[in-house]
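Taking it in order: structure first as structure tokens, then the write-up.
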Amino acid sequence: MAGMTLEQLKIFLAVAQNLHFTRAAEELYITQPAVSAAIHNLEQEYGVKLFHRIGRHIEIAEAGKLLQVEAQKILDQVSLTERGLRELNNLQRGELKLGSSLTIGNYWLPSKISEFKSQYPGIQIDCTLANAETICVGTAMGQFDLGLVEGDVKPALQSTLEYEIVGSDRLQIVVGQKHPWFEWGEVDLSQLTQTPWVMRVRESGTQQRFEEALQNWDINLSELNVILVFTSGEMAKAAIENGVGATGISELMVKKEIQLGTLRAIRVIDNRESNGAMPAAGYAYAEIVRPFFKIKHRQRFQTALSKVFEQMLISSMLDSSHQLSVI
């Protein structure tokens, strides 16, 4: 028996994903007869039908479904092994796959990547941005070496993912110039239910943290007048900059706009112990501080590159903490 080859598995997966021989050939930059021959040889070698030919169309057979799952695992492992071998050169070459939630990826992570690239210029970094939930699932599935999210790891994934705090930021309640709060600069907790709100989708780490803060302030989300819900913080920011609503957003995202005066961060007075009356002095401001989590798979092989980048993030956080304590 000659046995199956990696090339045959790659061809098979392309056909399985496209359910079309010609499209698979185009994707792999080989001829259509070469694709047909590879599938035919696999079927002949093991005496099974991988695809059913129905007129000019094909459908994947039961044997094909089994092979599709296992072939993907094999090729993923081969890719990981190749990356590991390439790293046995003092990290002069290699690839690091990161997944990041949107706020971290757009505003916090770029400086970390630049620092890493200055030390290891030959390393290719592939960073995917999505909401926190998608990054958690992707890390659990092995799509990323490391994930970076500001939202919580779902209980169903906590046994699969290891997570650790590597940074933090604050959420600020922000309004535009047309909002009456813009002139005030601060409100008490009871006033949060008296304005329209622009929110993020529930899968967003920002939204998860904002809803937790509301619960801690004894405010039910249903009490708020939510007029718009967006998938990105940039959309929420643009909406309040041009409208009358308020939003909870990362201070990293609105630093420039606050400096320019197009947005204003509103301080929230926690006056729950004063029976609703505005305290004359000594009142506390309610703040929303949220951690940034580094996540990784508990059992998957971790490349040397991933370990070095992970250690850089941890060291950077420790350095920041030390500077704050000195100040």
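In the structure tokens, each chain is lettered A, B, ... as it comes, each chain's residues begin at 1, and ligands are numbered from 1 in order of appearance.
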
Can you check which residues of stretch 60-184 of chain A DSSP gives as helix (DSSP H, G or I) on the backbone and send them as a compact mmCIF listing (two decimals) with N, CA, C and O atoms, in the first residue's frame?
```
# COMPACT_ATOMS: atom_id res chain seq x y z
N GLU A 62 -20.24 9.69 3.57
CA GLU A 62 -19.93 9.48 4.98
C GLU A 62 -18.43 9.32 5.20
O GLU A 62 -17.86 9.87 6.14
N ALA A 63 -17.78 8.54 4.33
CA ALA A 63 -16.33 8.37 4.45
C ALA A 63 -15.61 9.70 4.26
O ALA A 63 -14.61 9.98 4.91
N GLY A 64 -16.15 10.52 3.37
CA GLY A 64 -15.57 11.83 3.14
C GLY A 64 -15.69 12.74 4.35
O GLY A 64 -14.77 13.50 4.68
N LYS A 65 -16.84 12.66 5.04
CA LYS A 65 -17.04 13.48 6.24
C LYS A 65 -16.03 13.10 7.32
O LYS A 65 -15.48 13.97 8.01
N LEU A 66 -15.79 11.80 7.48
CA LEU A 66 -14.81 11.35 8.46
C LEU A 66 -13.41 11.85 8.10
O LEU A 66 -12.68 12.39 8.94
N LEU A 67 -13.04 11.69 6.82
CA LEU A 67 -11.72 12.09 6.38
C LEU A 67 -11.54 13.60 6.49
O LEU A 67 -10.44 14.09 6.81
N GLN A 68 -12.61 14.36 6.26
CA GLN A 68 -12.51 15.82 6.32
C GLN A 68 -12.09 16.27 7.72
O GLN A 68 -11.22 17.14 7.87
N VAL A 69 -12.68 15.70 8.75
CA VAL A 69 -12.35 16.07 10.12
C VAL A 69 -10.91 15.69 10.45
O VAL A 69 -10.12 16.48 10.97
N GLU A 70 -10.54 14.43 10.12
CA GLU A 70 -9.22 13.94 10.48
C GLU A 70 -8.12 14.60 9.64
O GLU A 70 -7.02 14.87 10.14
N ALA A 71 -8.41 14.84 8.37
CA ALA A 71 -7.41 15.47 7.50
C ALA A 71 -7.08 16.87 7.98
O ALA A 71 -5.91 17.29 7.95
N GLN A 72 -8.11 17.61 8.43
CA GLN A 72 -7.85 18.96 8.93
C GLN A 72 -6.96 18.91 10.17
O GLN A 72 -6.06 19.74 10.33
N LYS A 73 -7.21 17.94 11.06
CA LYS A 73 -6.37 17.80 12.25
C LYS A 73 -4.92 17.51 11.86
O LYS A 73 -3.98 18.06 12.44
N ILE A 74 -4.75 16.61 10.89
CA ILE A 74 -3.40 16.22 10.45
C ILE A 74 -2.66 17.42 9.88
O ILE A 74 -1.51 17.70 10.24
N LEU A 75 -3.31 18.16 8.99
CA LEU A 75 -2.65 19.30 8.35
C LEU A 75 -2.37 20.42 9.34
O LEU A 75 -1.36 21.12 9.25
N ASP A 76 -3.28 20.60 10.32
CA ASP A 76 -3.03 21.61 11.36
C ASP A 76 -1.79 21.24 12.17
O ASP A 76 -0.97 22.09 12.50
N GLN A 77 -1.66 19.96 12.50
CA GLN A 77 -0.52 19.51 13.29
C GLN A 77 0.78 19.63 12.49
O GLN A 77 1.82 20.01 13.03
N VAL A 78 0.70 19.31 11.21
CA VAL A 78 1.88 19.45 10.35
C VAL A 78 2.32 20.91 10.29
O VAL A 78 3.51 21.24 10.40
N SER A 79 1.35 21.82 10.15
CA SER A 79 1.65 23.24 10.10
C SER A 79 2.31 23.72 11.39
O SER A 79 3.28 24.48 11.37
N LEU A 80 1.78 23.25 12.53
CA LEU A 80 2.34 23.63 13.82
C LEU A 80 3.76 23.10 13.97
O LEU A 80 4.65 23.79 14.48
N THR A 81 3.99 21.86 13.50
CA THR A 81 5.32 21.27 13.58
C THR A 81 6.31 22.03 12.71
O THR A 81 7.45 22.29 13.12
N GLU A 82 5.88 22.41 11.52
CA GLU A 82 6.75 23.19 10.63
C GLU A 82 7.12 24.52 11.26
O GLU A 82 8.28 24.95 11.18
N ARG A 83 6.14 25.16 11.90
CA ARG A 83 6.43 26.43 12.56
C ARG A 83 7.43 26.25 13.69
O ARG A 83 8.31 27.07 13.91
N GLY A 84 7.26 25.16 14.44
CA GLY A 84 8.20 24.87 15.52
C GLY A 84 9.61 24.67 15.02
O GLY A 84 10.58 25.14 15.63
N LEU A 85 9.75 23.97 13.90
CA LEU A 85 11.07 23.73 13.33
C LEU A 85 11.71 25.03 12.84
O LEU A 85 12.91 25.24 12.99
N ARG A 86 10.90 25.90 12.24
CA ARG A 86 11.43 27.17 11.74
C ARG A 86 11.93 28.06 12.88
O ARG A 86 12.78 28.92 12.67
N LEU A 102 -11.68 43.93 19.64
CA LEU A 102 -11.51 45.12 18.81
C LEU A 102 -10.80 46.27 19.53
O LEU A 102 -9.89 46.88 18.97
N THR A 103 -11.21 46.58 20.74
CA THR A 103 -10.60 47.71 21.44
C THR A 103 -9.12 47.46 21.69
O THR A 103 -8.27 48.32 21.44
N ILE A 104 -8.80 46.27 22.18
CA ILE A 104 -7.40 45.93 22.44
C ILE A 104 -6.60 45.97 21.15
O ILE A 104 -5.50 46.55 21.09
N GLY A 105 -7.14 45.36 20.11
CA GLY A 105 -6.42 45.26 18.84
C GLY A 105 -6.19 46.59 18.17
O GLY A 105 -5.16 46.80 17.52
N ASN A 106 -7.12 47.51 18.31
CA ASN A 106 -6.99 48.80 17.64
C ASN A 106 -6.19 49.83 18.45
O ASN A 106 -5.56 50.72 17.87
N TYR A 107 -6.20 49.71 19.79
CA TYR A 107 -5.66 50.81 20.59
C TYR A 107 -4.55 50.41 21.57
O TYR A 107 -3.74 51.25 21.94
N TRP A 108 -4.52 49.17 22.01
CA TRP A 108 -3.56 48.77 23.03
C TRP A 108 -2.46 47.87 22.48
O TRP A 108 -1.29 48.00 22.81
N LEU A 109 -2.85 46.95 21.61
CA LEU A 109 -1.93 45.93 21.12
C LEU A 109 -0.87 46.44 20.13
O LEU A 109 0.25 45.92 20.14
N PRO A 110 -1.17 47.41 19.25
CA PRO A 110 -0.16 47.81 18.25
C PRO A 110 1.19 48.18 18.84
O PRO A 110 2.23 47.82 18.26
N SER A 111 1.24 48.86 19.97
CA SER A 111 2.53 49.23 20.55
C SER A 111 3.27 48.00 21.05
O SER A 111 4.51 47.94 20.99
N LYS A 112 2.54 46.99 21.52
CA LYS A 112 3.16 45.75 21.99
C LYS A 112 3.76 44.98 20.80
O LYS A 112 4.87 44.44 20.89
N ILE A 113 3.02 44.96 19.69
CA ILE A 113 3.52 44.28 18.50
C ILE A 113 4.75 45.00 17.96
O ILE A 113 5.73 44.36 17.56
N SER A 114 4.72 46.33 17.96
CA SER A 114 5.88 47.10 17.48
C SER A 114 7.11 46.82 18.33
O SER A 114 8.23 46.67 17.80
N GLU A 115 6.92 46.75 19.64
CA GLU A 115 8.03 46.45 20.54
C GLU A 115 8.61 45.07 20.24
O GLU A 115 9.83 44.88 20.19
N PHE A 116 7.72 44.10 20.01
CA PHE A 116 8.16 42.74 19.72
C PHE A 116 8.89 42.67 18.39
O PHE A 116 9.94 42.03 18.26
N LYS A 117 8.34 43.37 17.38
CA LYS A 117 8.95 43.36 16.05
C LYS A 117 10.33 44.03 16.05
O LYS A 117 11.20 43.67 15.26
N SER A 118 10.53 45.01 16.92
CA SER A 118 11.83 45.65 16.99
C SER A 118 12.90 44.69 17.49
O SER A 118 14.07 44.80 17.13
N GLN A 119 12.50 43.73 18.32
CA GLN A 119 13.43 42.74 18.82
C GLN A 119 13.58 41.54 17.88
O GLN A 119 14.64 40.94 17.79
N ALA A 132 -14.96 39.69 21.50
CA ALA A 132 -14.30 38.87 22.51
C ALA A 132 -14.73 37.41 22.43
O ALA A 132 -13.91 36.49 22.55
N GLU A 133 -16.01 37.18 22.22
CA GLU A 133 -16.51 35.81 22.20
C GLU A 133 -15.91 35.03 21.03
O GLU A 133 -15.53 33.87 21.18
N THR A 134 -15.80 35.66 19.87
CA THR A 134 -15.23 35.00 18.69
C THR A 134 -13.76 34.67 18.93
O THR A 134 -13.29 33.59 18.53
N ILE A 135 -13.02 35.56 19.58
CA ILE A 135 -11.61 35.31 19.85
C ILE A 135 -11.45 34.16 20.83
O ILE A 135 -10.56 33.31 20.69
N CYS A 136 -12.29 34.09 21.85
CA CYS A 136 -12.24 32.99 22.81
C CYS A 136 -12.48 31.65 22.11
O CYS A 136 -11.75 30.68 22.33
N VAL A 137 -13.50 31.60 21.28
CA VAL A 137 -13.81 30.36 20.56
C VAL A 137 -12.68 30.00 19.61
O VAL A 137 -12.28 28.83 19.51
N GLY A 138 -12.15 30.99 18.90
CA GLY A 138 -11.05 30.74 17.97
C GLY A 138 -9.81 30.22 18.66
O GLY A 138 -9.12 29.33 18.16
N THR A 139 -9.51 30.75 19.85
CA THR A 139 -8.35 30.27 20.61
C THR A 139 -8.58 28.84 21.07
O THR A 139 -7.67 28.01 21.04
N ALA A 140 -9.79 28.53 21.48
CA ALA A 140 -10.12 27.17 21.90
C ALA A 140 -10.02 26.19 20.73
O ALA A 140 -9.65 25.03 20.92
N PRO A 155 -18.02 30.36 30.86
CA PRO A 155 -17.80 29.17 31.70
C PRO A 155 -17.55 27.90 30.90
O PRO A 155 -16.74 27.06 31.30
N ALA A 156 -18.21 27.76 29.75
CA ALA A 156 -18.05 26.54 28.94
C ALA A 156 -16.65 26.40 28.38
O ALA A 156 -16.22 25.29 28.03
N LEU A 157 -15.88 27.52 28.30
CA LEU A 157 -14.53 27.48 27.73
C LEU A 157 -13.44 27.56 28.79
O LEU A 157 -12.26 27.45 28.47
N TRP A 181 -25.54 66.81 29.26
CA TRP A 181 -24.51 66.45 30.23
C TRP A 181 -23.14 67.03 29.85
O TRP A 181 -22.26 67.11 30.70
N PHE A 182 -22.98 67.39 28.59
CA PHE A 182 -21.68 67.90 28.13
C PHE A 182 -21.27 69.13 28.96
O PHE A 182 -20.09 69.31 29.28
N GLU A 183 -22.23 69.96 29.32
CA GLU A 183 -21.94 71.16 30.11
C GLU A 183 -21.78 70.82 31.59
O GLU A 183 -21.06 71.51 32.32
N TRP A 184 -22.45 69.77 32.03
CA TRP A 184 -22.44 69.45 33.46
C TRP A 184 -21.11 68.82 33.90
O TRP A 184 -20.55 69.17 34.92
```

What are the closest atom pairs, with distances in Å to one decimal, for all residues of stretch 120-190 of chain A lying within 12 Å of stretch 222-230 of chain A? Consider only C-alpha atoms, order rows by chain and residue number, and present the result as CSV.
```
residue,atom,partner,partner_atom,distance
A:Asn131,CA,A:Phe230,CA,11.7
A:Leu189,CA,A:Leu224,CA,11.9
A:Ser190,CA,A:Glu223,CA,10.7
```

At a cut-off of 8 Å, using only C-alpha atoms, what residues contact stretch 263-272 of chain A? Leave out same-chain residues fewer than 5 positions from it and give the result as a count of residues only. 25

So, with only C-alpha atoms as the atoms that count, which of A:Val308, A:Ile123, A:Ile295, A:Leu221 lies closest to A:Leu148? A:Ile295

Which residues in stretch 41-204 of chain A does DSSP call strand (DSSP E or B)? List them as an MDAnalysis selection string. chainID A and resid 51:54 57:60 94:101 123:130 146:149 161:176 186:188 196:200

Report as JSON, numbers by chain all protein, DNA and RNA residues lying within 12 Å of A:Ile249, evaluated on only C-alpha atoms, omitting residues in the same chain fewer than 5 positions from it. {"A": [102, 103, 169, 170, 171, 172, 173, 174, 175, 197, 198, 199, 200, 204, 205, 206, 207, 208, 209, 210, 211, 232, 233, 234, 235, 236, 237, 238, 240, 254, 255, 263, 264, 265, 266, 288, 289, 290]}

Restricted to N, CA and C atoms, what would the selected residues look like written as a CSV table (one decimal), in the first residue's frame?
```csv
chain,number,residue,atom,x,y,z
A,102,LEU,N,-11.7,43.9,19.6
A,102,LEU,CA,-11.5,45.1,18.8
A,102,LEU,C,-10.8,46.3,19.5
A,103,THR,N,-11.2,46.6,20.7
A,103,THR,CA,-10.6,47.7,21.4
A,103,THR,C,-9.1,47.5,21.7
A,169,ASP,N,-7.9,48.9,31.3
A,169,ASP,CA,-8.2,50.3,31.0
A,169,ASP,C,-9.5,50.6,31.7
A,170,ARG,N,-10.0,51.8,31.5
A,170,ARG,CA,-11.2,52.2,32.1
A,170,ARG,C,-12.3,52.4,31.1
A,171,LEU,N,-13.5,52.1,31.4
A,171,LEU,CA,-14.7,52.5,30.6
A,171,LEU,C,-15.1,53.9,31.1
A,172,GLN,N,-15.4,54.7,30.2
A,172,GLN,CA,-15.9,56.0,30.5
A,172,GLN,C,-17.3,56.3,29.9
A,173,ILE,N,-18.2,56.9,30.6
A,173,ILE,CA,-19.4,57.3,30.0
A,173,ILE,C,-19.2,58.7,29.3
A,174,VAL,N,-19.5,58.7,28.0
A,174,VAL,CA,-19.1,59.8,27.2
A,174,VAL,C,-20.3,60.3,26.4
A,175,VAL,N,-20.4,61.7,26.2
A,175,VAL,CA,-21.4,62.3,25.5
A,175,VAL,C,-20.8,63.3,24.5
A,197,TRP,N,-29.4,55.9,25.2
A,197,TRP,CA,-28.1,55.2,25.3
A,197,TRP,C,-27.7,54.5,23.9
A,198,VAL,N,-26.5,54.6,23.6
A,198,VAL,CA,-25.9,53.8,22.4
A,198,VAL,C,-25.1,52.7,23.0
A,199,MET,N,-25.4,51.5,22.6
A,199,MET,CA,-24.7,50.3,23.2
A,199,MET,C,-24.0,49.5,22.1
A,200,ARG,N,-23.1,48.6,22.6
A,200,ARG,CA,-22.5,47.6,21.8
A,200,ARG,C,-23.3,46.3,21.9
A,204,SER,N,-19.7,41.8,22.8
A,204,SER,CA,-18.6,42.7,23.0
A,204,SER,C,-18.1,42.7,24.4
A,205,GLY,N,-16.8,42.6,24.6
A,205,GLY,CA,-16.2,42.7,25.9
A,205,GLY,C,-16.6,44.0,26.6
A,206,THR,N,-16.6,45.1,25.9
A,206,THR,CA,-17.0,46.4,26.4
A,206,THR,C,-18.4,46.4,27.0
A,207,GLN,N,-19.3,45.8,26.2
A,207,GLN,CA,-20.7,45.8,26.7
A,207,GLN,C,-20.8,44.9,27.9
A,208,GLN,N,-20.1,43.7,27.9
A,208,GLN,CA,-20.2,42.8,29.1
A,208,GLN,C,-19.7,43.6,30.3
A,209,ARG,N,-18.6,44.3,30.2
A,209,ARG,CA,-18.1,45.0,31.4
A,209,ARG,C,-19.1,46.1,31.8
A,210,PHE,N,-19.7,46.8,30.9
A,210,PHE,CA,-20.6,47.9,31.2
A,210,PHE,C,-21.8,47.4,31.9
A,211,GLU,N,-22.3,46.3,31.4
A,211,GLU,CA,-23.5,45.7,32.1
A,211,GLU,C,-23.2,45.2,33.5
A,232,SER,N,-19.4,47.8,16.6
A,232,SER,CA,-18.0,48.3,16.9
A,232,SER,C,-18.1,49.6,17.7
A,233,GLY,N,-17.0,49.8,18.5
A,233,GLY,CA,-16.9,51.0,19.3
A,233,GLY,C,-16.8,52.3,18.5
A,234,GLU,N,-16.2,52.2,17.3
A,234,GLU,CA,-16.1,53.3,16.4
A,234,GLU,C,-17.4,53.8,16.0
A,235,MET,N,-18.3,52.9,15.7
A,235,MET,CA,-19.7,53.3,15.3
A,235,MET,C,-20.4,53.9,16.4
A,236,ALA,N,-20.3,53.4,17.6
A,236,ALA,CA,-20.9,54.0,18.8
A,236,ALA,C,-20.4,55.4,19.0
A,237,LYS,N,-19.1,55.5,18.9
A,237,LYS,CA,-18.4,56.8,19.1
A,237,LYS,C,-19.0,57.9,18.1
A,238,ALA,N,-19.0,57.5,16.9
A,238,ALA,CA,-19.5,58.4,15.8
A,238,ALA,C,-21.0,58.8,16.1
A,240,ILE,N,-22.7,59.1,19.0
A,240,ILE,CA,-22.9,60.0,20.1
A,240,ILE,C,-22.2,61.4,19.7
A,254,VAL,N,-11.4,57.2,23.0
A,254,VAL,CA,-11.9,58.5,22.9
A,254,VAL,C,-10.9,59.6,23.4
A,255,LYS,N,-9.7,59.2,23.7
A,255,LYS,CA,-8.7,60.1,24.2
A,255,LYS,C,-8.5,61.3,23.3
A,263,LEU,N,-16.0,65.4,22.4
A,263,LEU,CA,-16.7,64.5,23.3
A,263,LEU,C,-16.2,64.9,24.7
A,264,ARG,N,-17.0,64.5,25.7
A,264,ARG,CA,-16.7,64.7,27.1
A,264,ARG,C,-17.0,63.5,27.9
A,265,ALA,N,-16.0,63.1,28.8
A,265,ALA,CA,-16.2,62.0,29.7
A,265,ALA,C,-17.0,62.6,30.9
A,266,ILE,N,-18.0,61.8,31.3
A,266,ILE,CA,-18.9,62.3,32.4
A,266,ILE,C,-18.6,61.4,33.6
A,288,ILE,N,-15.4,52.4,36.3
A,288,ILE,CA,-15.4,51.1,35.7
A,288,ILE,C,-14.0,50.7,35.1
A,289,VAL,N,-13.3,49.9,35.9
A,289,VAL,CA,-12.0,49.5,35.5
A,289,VAL,C,-12.1,48.0,35.0
A,290,ARG,N,-11.6,47.8,33.8
A,290,ARG,CA,-11.7,46.4,33.3
A,290,ARG,C,-10.3,45.8,33.0
```

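Among the candidate residues A:Gln92, A:Gln44, A:Thr262, A:Gln299, the one lying nearest to A:Ser159 is A:Gln299, with distances computed using only C-alpha atoms.
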
Gap from atom CA of A:Gly3 to atom CA of A:Phe51 - Å, one decimal: 19.1 Å
